[in-house]
Each structure stands twice: as structure tokens, then as C-alpha cells.
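Participant: Here you go, model-v8.cif (mmCIF, C-alpha atoms and all ligand atoms):
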```cif
data_final
loop_
_atom_site.label_atom_id
_atom_site.label_comp_id
_atom_site.auth_asym_id
_atom_site.auth_seq_id
_atom_site.Cartn_x
_atom_site.Cartn_y
_atom_site.Cartn_z
CA MET A 1 118.66 58.20 80.16
CA THR A 2 119.87 61.81 80.34
CA ASP A 3 121.44 61.94 83.80
CA ALA A 4 121.86 60.09 87.08
CA LYS A 5 118.43 61.21 88.26
CA ASN A 6 116.74 59.37 85.38
CA ILE A 7 114.26 62.18 84.70
CA ASP A 8 113.17 60.69 81.37
CA TYR A 9 111.10 58.08 83.13
CA PHE A 10 108.95 58.40 86.20
CA THR A 11 110.05 56.70 89.43
CA GLU A 12 108.64 57.08 92.91
CA ALA A 13 111.96 58.33 94.28
CA GLY A 14 112.55 60.75 91.40
CA SER A 15 108.96 61.87 90.92
CA VAL A 16 109.52 65.58 91.68
CA ASP A 17 112.45 65.92 89.30
CA ALA A 18 110.64 63.95 86.60
CA VAL A 19 107.77 66.44 86.60
CA ASN A 20 109.71 69.65 87.15
CA ALA A 21 112.26 68.84 84.44
CA ARG A 22 109.47 69.03 81.85
CA MET A 23 109.02 72.78 82.34
CA ALA A 24 110.53 74.81 79.53
CA LYS A 25 113.62 76.75 80.59
CA ASP A 26 112.12 79.88 79.04
CA ALA A 27 108.72 79.57 80.75
CA ASP A 28 107.85 82.55 82.93
CA PRO A 29 110.42 82.49 85.80
CA ARG A 30 107.86 83.13 88.56
CA LEU A 31 105.58 80.42 87.14
CA ARG A 32 108.55 78.01 87.14
CA GLU A 33 109.35 78.90 90.76
CA VAL A 34 105.76 78.53 91.99
CA MET A 35 105.04 75.32 90.07
CA ALA A 36 108.32 73.64 91.01
CA SER A 37 107.60 74.28 94.70
CA LEU A 38 103.97 73.23 94.38
CA VAL A 39 104.91 69.92 92.71
CA ARG A 40 107.59 69.27 95.35
CA HIS A 41 105.21 69.88 98.27
CA LEU A 42 102.37 67.95 96.64
CA HIS A 43 104.53 64.90 95.97
CA ASP A 44 106.10 65.10 99.45
CA PHE A 45 102.60 65.21 100.93
CA ALA A 46 101.49 62.02 99.11
CA LYS A 47 104.68 60.25 100.19
CA ASP A 48 104.40 61.53 103.76
CA VAL A 49 100.91 60.08 104.28
CA ASN A 50 101.29 57.08 101.90
CA LEU A 51 98.19 58.28 100.08
CA THR A 52 95.96 55.41 98.98
CA GLN A 53 94.23 55.27 95.59
CA GLU A 54 90.88 55.35 97.37
CA GLU A 55 91.81 58.46 99.38
CA TRP A 56 92.94 60.22 96.22
CA GLY A 57 89.62 59.31 94.62
CA THR A 58 87.79 60.80 97.60
CA ALA A 59 89.86 63.97 97.29
CA ILE A 60 89.11 64.27 93.55
CA ASP A 61 85.41 63.81 94.28
CA PHE A 62 85.59 66.46 97.04
CA LEU A 63 87.36 68.96 94.75
CA THR A 64 84.91 68.23 91.93
CA ARG A 65 81.93 68.89 94.20
CA THR A 66 83.65 72.03 95.52
CA GLY A 67 83.91 73.36 91.97
CA GLN A 68 80.34 72.35 91.14
CA MET A 69 79.11 74.32 94.17
CA CYS A 70 80.58 77.55 92.77
CA ASP A 71 78.49 80.08 90.87
CA GLY A 72 78.18 83.87 90.73
CA ASN A 73 77.04 84.00 94.37
CA ARG A 74 78.84 81.10 95.98
CA GLN A 75 82.62 80.56 95.92
CA GLU A 76 83.24 77.26 97.64
CA PHE A 77 86.97 77.23 96.77
CA ILE A 78 87.55 80.51 98.64
CA LEU A 79 85.58 79.07 101.55
CA LEU A 80 87.87 76.02 101.45
CA SER A 81 90.91 78.32 101.47
CA ASP A 82 89.34 80.24 104.40
CA VAL A 83 88.72 77.20 106.63
CA LEU A 84 92.22 75.84 105.90
CA GLY A 85 93.70 79.11 107.19
CA PHE A 86 95.18 79.66 103.72
CA SER A 87 93.32 82.92 103.01
CA MET A 88 94.64 84.37 106.28
CA LEU A 89 98.17 83.17 105.51
CA VAL A 90 98.24 84.76 102.04
CA ASP A 91 96.71 87.89 103.57
CA ALA A 92 99.41 88.00 106.28
CA ILE A 93 102.25 87.50 103.76
CA ASN A 94 100.93 90.36 101.65
CA ASN A 95 100.00 92.83 104.40
CA ARG A 96 102.99 93.02 106.75
CA ARG A 97 102.64 96.35 108.53
CA PRO A 98 104.60 98.29 111.15
CA SER A 99 103.54 97.95 114.75
CA GLY A 100 100.67 100.29 115.58
CA ALA A 101 99.09 100.01 112.11
CA THR A 102 95.67 98.35 111.90
CA GLU A 103 95.94 94.72 110.90
CA ASN A 104 94.19 93.13 107.94
CA THR A 105 91.92 90.14 108.06
CA VAL A 106 89.97 88.03 105.60
CA LEU A 107 87.53 89.80 103.21
CA GLY A 108 84.89 87.07 103.20
CA PRO A 109 82.27 86.43 100.51
CA PHE A 110 79.66 88.98 101.54
CA HIS A 111 81.17 92.30 100.52
CA VAL A 112 79.18 94.06 97.78
CA ASP A 113 80.58 96.97 95.77
CA GLY A 114 78.49 100.11 95.47
CA ALA A 115 76.88 100.37 98.93
CA PRO A 116 75.11 103.70 99.49
CA VAL A 117 77.26 106.62 100.66
CA ARG A 118 75.70 107.78 103.91
CA ALA A 119 76.15 110.86 106.12
CA MET A 120 78.20 110.47 109.29
CA GLY A 121 75.96 109.28 112.13
CA ASP A 122 73.49 107.59 109.78
CA GLN A 123 71.80 104.26 110.44
CA ILE A 124 72.83 101.21 108.39
CA SER A 125 70.36 98.73 109.93
CA LEU A 126 67.22 98.90 107.82
CA ASP A 127 65.21 95.91 109.07
CA GLY A 128 64.45 97.15 112.59
CA LYS A 129 65.95 94.04 114.20
CA GLY A 130 68.72 93.74 116.75
CA GLU A 131 70.30 95.70 119.59
CA SER A 132 71.21 99.24 118.51
CA CYS A 133 74.89 100.11 118.49
CA LEU A 134 76.93 103.23 117.73
CA PHE A 135 80.23 102.57 115.93
CA GLU A 136 82.68 105.41 116.24
CA GLY A 137 86.36 106.30 116.18
CA ARG A 138 89.07 107.97 114.14
CA ILE A 139 91.13 107.28 111.04
CA LEU A 140 94.73 108.18 111.85
CA ASP A 141 98.16 107.94 110.26
CA LEU A 142 101.08 106.29 112.06
CA ASN A 143 101.97 109.65 113.68
CA GLY A 144 98.49 110.02 115.16
CA ASN A 145 97.34 112.67 112.68
CA PRO A 146 93.74 112.49 111.42
CA VAL A 147 93.21 111.27 107.86
CA ALA A 148 90.67 113.41 106.02
CA GLY A 149 88.74 112.00 103.06
CA ALA A 150 89.14 108.39 104.23
CA LYS A 151 86.42 106.05 102.96
CA LEU A 152 84.94 103.42 105.27
CA ASP A 153 82.97 100.69 103.53
CA VAL A 154 81.17 98.73 106.28
CA TRP A 155 78.95 95.63 106.36
CA CYS A 156 77.68 93.08 108.86
CA ASP A 157 75.02 90.42 109.34
CA ASN A 158 71.57 91.15 110.70
CA ALA A 159 70.28 90.10 114.11
CA ASP A 160 69.35 86.66 112.71
CA GLY A 161 72.95 86.06 111.58
CA TYR A 162 72.44 86.55 107.81
CA TYR A 163 73.79 89.10 105.35
CA ASP A 164 71.27 90.88 103.13
CA VAL A 165 72.63 89.04 100.06
CA GLN A 166 71.83 85.70 101.71
CA GLN A 167 68.19 86.73 102.14
CA PRO A 168 67.36 88.98 99.18
CA ASP A 169 63.63 88.24 99.53
CA ILE A 170 63.57 88.89 103.27
CA GLN A 171 65.98 91.73 104.05
CA PRO A 172 65.91 95.24 102.59
CA LYS A 173 68.60 95.84 99.94
CA TRP A 174 71.77 97.31 101.50
CA ASN A 175 70.66 96.26 105.00
CA ASN A 176 73.61 96.73 107.39
CA ARG A 177 75.85 98.27 104.74
CA GLY A 178 77.10 101.74 104.00
CA VAL A 179 80.00 103.93 102.92
CA PHE A 180 81.16 106.87 105.07
CA VAL A 181 83.79 109.52 104.27
CA THR A 182 85.76 111.32 106.99
CA GLY A 183 86.05 115.10 107.27
CA ALA A 184 89.08 117.11 108.36
CA ASP A 185 89.08 115.70 111.91
CA GLY A 186 89.32 112.09 110.66
CA THR A 187 86.45 110.92 112.87
CA TYR A 188 83.69 108.51 111.85
CA ALA A 189 80.39 107.49 113.42
CA PHE A 190 77.49 105.37 112.23
CA ARG A 191 74.62 103.51 113.80
CA GLY A 192 73.82 99.87 113.31
CA ILE A 193 73.28 96.82 115.46
CA ARG A 194 75.50 94.88 117.78
CA PRO A 195 76.72 92.16 115.36
CA VAL A 196 75.91 88.55 116.19
CA SER A 197 77.94 85.39 115.57
CA TYR A 198 76.88 83.21 112.64
CA PRO A 199 77.91 80.03 110.81
CA ILE A 200 79.69 80.29 107.47
CA PRO A 201 77.73 78.61 104.65
CA ASP A 202 78.11 74.94 105.61
CA ASP A 203 75.60 73.23 103.31
CA GLY A 204 78.31 72.20 100.80
CA PRO A 205 81.51 70.11 100.67
CA VAL A 206 83.38 72.52 102.96
CA GLY A 207 80.69 72.12 105.63
CA GLN A 208 80.92 68.33 105.23
CA MET A 209 84.68 68.51 105.66
CA LEU A 210 84.34 70.63 108.83
CA ALA A 211 81.82 68.15 110.26
CA ALA A 212 84.08 65.17 109.44
CA LEU A 213 86.93 66.94 111.27
CA GLY A 214 84.77 67.73 114.30
CA ARG A 215 85.03 71.48 113.60
CA HIS A 216 82.17 73.94 114.03
CA PRO A 217 81.37 76.47 111.26
CA ASN A 218 80.91 79.55 113.48
CA ARG A 219 82.43 82.99 113.24
CA PRO A 220 82.52 85.35 116.23
CA ALA A 221 80.39 88.50 115.94
CA HIS A 222 82.13 91.18 113.87
CA MET A 223 81.71 94.33 111.79
CA HIS A 224 83.55 94.37 108.44
CA PHE A 225 85.50 97.43 107.29
CA ILE A 226 87.41 98.39 104.18
CA VAL A 227 89.23 101.63 105.01
CA SER A 228 90.88 103.44 102.12
CA ALA A 229 92.38 106.88 101.60
CA GLU A 230 94.54 108.40 98.91
CA GLY A 231 98.22 107.92 99.71
CA TYR A 232 97.56 105.09 102.20
CA GLU A 233 97.43 101.32 102.00
CA THR A 234 93.87 100.01 102.01
CA VAL A 235 92.97 98.04 105.14
CA ILE A 236 90.51 95.15 104.82
CA THR A 237 89.55 94.15 108.31
CA HIS A 238 86.86 93.55 110.94
CA THR A 239 86.33 94.61 114.52
CA PHE A 240 85.28 91.74 116.79
CA VAL A 241 82.96 91.86 119.79
CA ALA A 242 85.44 91.24 122.61
CA ASP A 243 83.47 88.76 124.71
CA ASP A 244 82.24 86.47 121.92
CA THR A 245 82.23 82.71 122.50
CA TRP A 246 83.89 81.87 119.16
CA LEU A 247 86.83 84.31 119.25
CA THR A 248 89.48 81.61 119.74
CA SER A 249 87.90 79.08 117.37
CA ASP A 250 86.79 81.26 114.43
CA ALA A 251 86.06 78.85 111.53
CA VAL A 252 88.19 81.00 109.17
CA PHE A 253 90.98 82.06 111.60
CA GLY A 254 90.18 85.75 111.02
CA VAL A 255 90.58 87.01 114.60
CA LYS A 256 93.57 89.10 115.67
CA SER A 257 93.83 90.33 119.24
CA SER A 258 94.38 93.94 118.08
CA LEU A 259 90.92 93.90 116.46
CA LEU A 260 88.87 93.09 119.58
CA THR A 261 86.52 95.88 120.68
CA LYS A 262 84.70 95.96 123.96
CA MET A 263 81.00 96.76 123.66
CA GLU A 264 80.32 99.65 126.05
CA PRO A 265 76.79 100.46 127.17
CA GLY A 266 75.32 103.24 124.99
CA ASN A 267 74.60 106.59 126.59
CA SER A 268 71.35 107.54 124.91
CA GLY A 269 67.89 105.98 124.70
CA ASP A 270 68.21 104.73 121.11
CA THR A 271 71.77 103.43 121.53
CA MET A 272 72.07 100.30 123.64
CA TRP A 273 75.76 99.74 122.81
CA LYS A 274 78.82 101.67 121.71
CA SER A 275 81.81 100.21 119.85
CA SER A 276 84.89 102.47 119.58
CA PHE A 277 87.86 101.71 117.34
CA ASP A 278 90.58 103.86 115.78
CA PHE A 279 92.03 102.72 112.45
CA VAL A 280 95.71 103.50 111.83
CA LEU A 281 96.79 103.58 108.18
CA THR A 282 100.27 103.25 106.69
CA ALA A 283 101.44 105.37 103.76
CA SER A 284 101.38 103.53 100.42
CA ALA A 285 104.74 102.44 99.06
CA GLY A 286 106.44 105.35 97.36
CA ASP A 287 104.66 108.02 99.46
C1 LIG B 1 82.54 86.72 106.65
O1 LIG B 1 82.98 87.18 107.67
O2 LIG B 1 81.63 87.33 106.11
C2 LIG B 1 83.09 85.41 106.13
C3 LIG B 1 84.44 85.26 106.00
C4 LIG B 1 84.95 84.08 105.49
C5 LIG B 1 84.08 83.06 105.12
C6 LIG B 1 82.71 83.23 105.28
C7 LIG B 1 82.20 84.41 105.78
FE FE B 2 81.24 88.37 108.20
#
```
Using C-alpha cells, write down the structure that the file contains.
Ligand code: BEZ
Ligand code: FE

Facilitator:
Amino acid sequence: MTDAKNIDYFTEAGSVDAVNARMAKDADPRLREVMASLVRHLHDFAKDVNLTQEEWGTAIDFLTRTGQMCDGNRQEFILLSDVLGFSMLVDAINNRRPSGATENTVLGPFHVDGAPVRAMGDQISLDGKGESCLFEGRILDLNGNPVAGAKLDVWCDNADGYYDVQQPDIQPKWNNRGVFVTGADGTYAFRGIRPVSYPIPDDGPVGQMLAALGRHPNRPAHMHFIVSAEGYETVITHTFVADDTWLTSDAVFGVKSSLLTKMEPGNSGDTMWKSSFDFVLTASAGD
């Protein structure tokens, strides 16, 4: 025995110390900090709920099936993190911004790098479905000045509630996606469709967990944006259709009240709706 805590041998009462004492003193300090806390919370959790052997077996089976569901297109662990609110928590911790700056939200699994760069005003909906909508607004700094050369990478589902990558044999490639770059006045405009709500992929273990908990898999209608500009922090966010049914019960907790946009009636024959939103960027650290 080395000390009063008896960390040479495992006991229920001393379980956290028994495990954490095994870490080498010269292991990476941040790794030591993270792992020590993780072990403490994990052991406290098992003690808190008096975890049974059978429940732990169920959890191992669930995590195994979650891993087996993952491939190049499907990331069930990120989906698990999303529905547990963990993705949004890590996002919030890492994107604290001054008041007035556009808030971040979850990236989601459907962003694809390399979408076509389109001219301002262009159409992103290529399948001819849905209610036409003009998206427009400005990219500003915290002082209200326009940001020139800002890149907006946008994507949304089609009128049936699927992203192009979920239906590669049905939808045209790059349907409802595009990249737009602002000019000197910082304004942007593009045409698309009024987004519709849709369920997150729920045919795997995460969907089974939601069902067992009596939770629905739906996300409120939204348009995704990644807004980036040199000298500014990149904003990963969505705008949400303000009157959607699922706003207060989003399956992945992505909604923030500052991101709601009211759909206004469009003012021309080929534009049924208009969605206006100004993005406010913060200078990158060091600028
Ligand atoms: C999405 O909005 O595309 C999304 C976000 C998180 C999980 C699933 C989908
Ligand atoms: Fe989405």
C-alpha cells in the first residue's frame, strides 16, 4: 500500500484515484487534465445511477453498433453527439462572441467542400421543386461596416426534405448548394427554395435511442451558411424559418433565437418568398 487512499488496488470508493494515479506524471499535461476529469465523471455517473451489469452491456452494444454504422458518408457518433446536445455545447464553448455578432450553430453532416462558386443573384435549386425564395442581406463587421470579399457557402435540403448527397441518383449534383462572394457593398443575394423541415437520419442506433426516449428526429426548416472573410472569425450557422413547428424541439438543439428569420412574401412573379438576414462578423484574434 502506497498511501491512505490505497491506490495500488481497486476499490469502489477509491476507483477514480486508482485509475488516475496510473497516468505518468510526464504524460501530456492537457491529456492528463482531460482524462482525469473524464474518469471522475464517468465513475461518478456509474455510482450515481447504480449501473447494472446488464445496462452496461446494453451500452457497449449500443456504442458498438454506433461505430459499425459509421463509414465515409455516415458518422453516427457525431449524430449521437448532436442529439445529446454535446455538439452544440462544444460549439458554444469555442465560439463565445460579443453581443451583436452572429451566433454559431452545429455544422451537421451534409456540408460538402467545393460547391460551385455562383454569381450573386443566381439560383441554387436545380431540381425545379419547392417554393421559390430569395435569400438576401449584408455581411457586416461589429461597427456596421460592409465586409467585402466575404465568402458565403450555403446549402439546404430540397422540397422533399433530403440533401443532394442523400439522393445522389435522384437529385442533380450540387442541388441547393453554392458559394457566393460579396463585393464592396458587402451585400449578398441568391435564389433557392423555402427550406422545409426534415428528420435527421434515424435508421440507426441514434434513431432507436430517440424513439426509446420518446423524442422525435425532426429539425426545423433552415438554410446552412458558412461565412468567412480574411481577418474575421468564420461563422458556421443556419437561418431558421421563424414559424416552423419544430423550432423549440430541434432534435440537435441547433436553434438560437437570434437566427430566426421571418419569411416575407416575395415581390416578383418568380419569387414566392424572401428571407433577409445580415451576418455580423468579429475580427479574428490578433487583428
Ligand atoms: C443538418 O442540419 O444538416 C443536421 C445537423 C445535425 C444532424 C443532422 C443533420
Ligand atoms: Fe440541415

Participant: I'd like to know which of A:Ala189, A:Leu107, A:Met272, A:Met120 is closest to Cys156 in chain A, using only C-alpha atoms.

Facilitator: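 For Cys156 in chain A, the nearest of the candidates is A:Leu107.
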
Participant: Mind pulling up the distance from CA of Glu233 in chain A to CA of Ala115 in chain A?

Facilitator: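 CA of Ala115 in chain A sits 20.8 Å away from CA of Glu233 in chain A.
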
Participant: Would you list the contacts of Asp270 in chain A as a PDB file with C-alpha atoms, in the frame of the given file, taking every protein, DNA or RNA residue within 10 Å and counting only C-alpha atoms, but skipping same-chain residues closer than 4 positions in sequence?

Facilitator:
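New file around-v2.pdb:
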```
ATOM      1  CA  GLU A 131      70.300  95.700 119.590  1.00  0.00           C
ATOM      2  CA  SER A 132      71.210  99.240 118.510  1.00  0.00           C
ATOM      3  CA  CYS A 133      74.890 100.110 118.490  1.00  0.00           C
ATOM      4  CA  LEU A 134      76.930 103.230 117.730  1.00  0.00           C
ATOM      5  CA  ARG A 191      74.620 103.510 113.800  1.00  0.00           C
ATOM      6  CA  GLY A 266      75.320 103.240 124.990  1.00  0.00           C
TER       7      GLY A 266
END
```

Participant: Please identify the residues whose atoms come within 6 Å of ligand LIG 1 (chain B), using all atoms listed in the file, and report them as number ranges by chain.

Facilitator: A: 79, 82, 108-110, 200, 252

Participant: Within 12 Å of ligand FE 2 (chain B), counting only C-alpha atoms and all ligand atoms, which protein or nucleic acid residues do you find, written as a PyMOL selection string?

Facilitator: chain A and resi 105-111+154-158+161-166+176-177+195-201+218-225+236-240+250-252+254-255

Participant: Can I get the residues of range 147-235 of chain A within 12 Å of range 43-62 of chain A, each with the closest pair of atoms and their distance in Å to one decimal, using only C-alpha atoms, sorted chain first then ascending number, as a tab-separated table?

Facilitator:
```
residue	atom	partner	partner_atom	distance
A:Gly204	CA	A:Phe62	CA	10.0
A:Pro205	CA	A:Phe62	CA	6.6
A:Val206	CA	A:Phe62	CA	8.8
A:Gly207	CA	A:Phe62	CA	11.4
A:Gln208	CA	A:Phe62	CA	9.6
A:Met209	CA	A:Phe62	CA	8.9
```

Participant: Print the selection's residues with C-alpha atoms to a file, as a CSV table (one decimal), keeping the file's coordinate frame.

Facilitator:
```
chain,number,residue,atom,x,y,z
A,204,GLY,CA,78.3,72.2,100.8
A,205,PRO,CA,81.5,70.1,100.7
A,206,VAL,CA,83.4,72.5,103.0
A,207,GLY,CA,80.7,72.1,105.6
A,208,GLN,CA,80.9,68.3,105.2
A,209,MET,CA,84.7,68.5,105.7
```

Participant: Between CA of Thr248 in chain A and CA of Ala212 in chain A, what is the spacing in Å?

Facilitator: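 Straight-line distance from CA of Ala212 in chain A to CA of Thr248 in chain A works out to 20.1 Å.
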
Participant: Pick out the closest residue to Ser257 in chain A from this set: A:Ile78, A:Asp243, A:Arg40, A:Met69. Count only C-alpha atoms.

Facilitator: A:Asp243

Participant: Which is closer to Asp113 in chain A than all the others in A:Asp153, A:Glu136, A:Asp8, A:Glu33, using all atoms listed in the file?

Facilitator: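 Residue with the minimum atom-to-atom distance to Asp113 in chain A: A:Asp153.
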
Participant: Please, which residues are within 7 Å of (75.2, 108.2, 102.8) by the file's coordinates, counting only C-alpha atoms, and could they come as a VMD selection string?

Facilitator: chain A and resid 116 to 119 178 to 180

Participant: Closest to Thr261 in chain A among A:Asn20, A:Gln171, A:Ser276, A:Ser15, using all atoms listed in the file?

Facilitator: A:Ser276

Participant: Hey, which of A:Leu63, A:Leu142, A:Ala184, A:Val90 ends up closest to Glu76 in chain A? Count only C-alpha atoms.

Facilitator: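 Checking each candidate against Glu76 in chain A, we get A:Leu63 as the closest.
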
Participant: Hey, which of A:Gln68, A:Ser284, A:Thr182, A:Asn143 ends up closest to Gly100 in chain A? Count all atoms listed in the file.

Facilitator: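 Counting all atoms listed in the file, the residue closest to Gly100 in chain A is A:Asn143.
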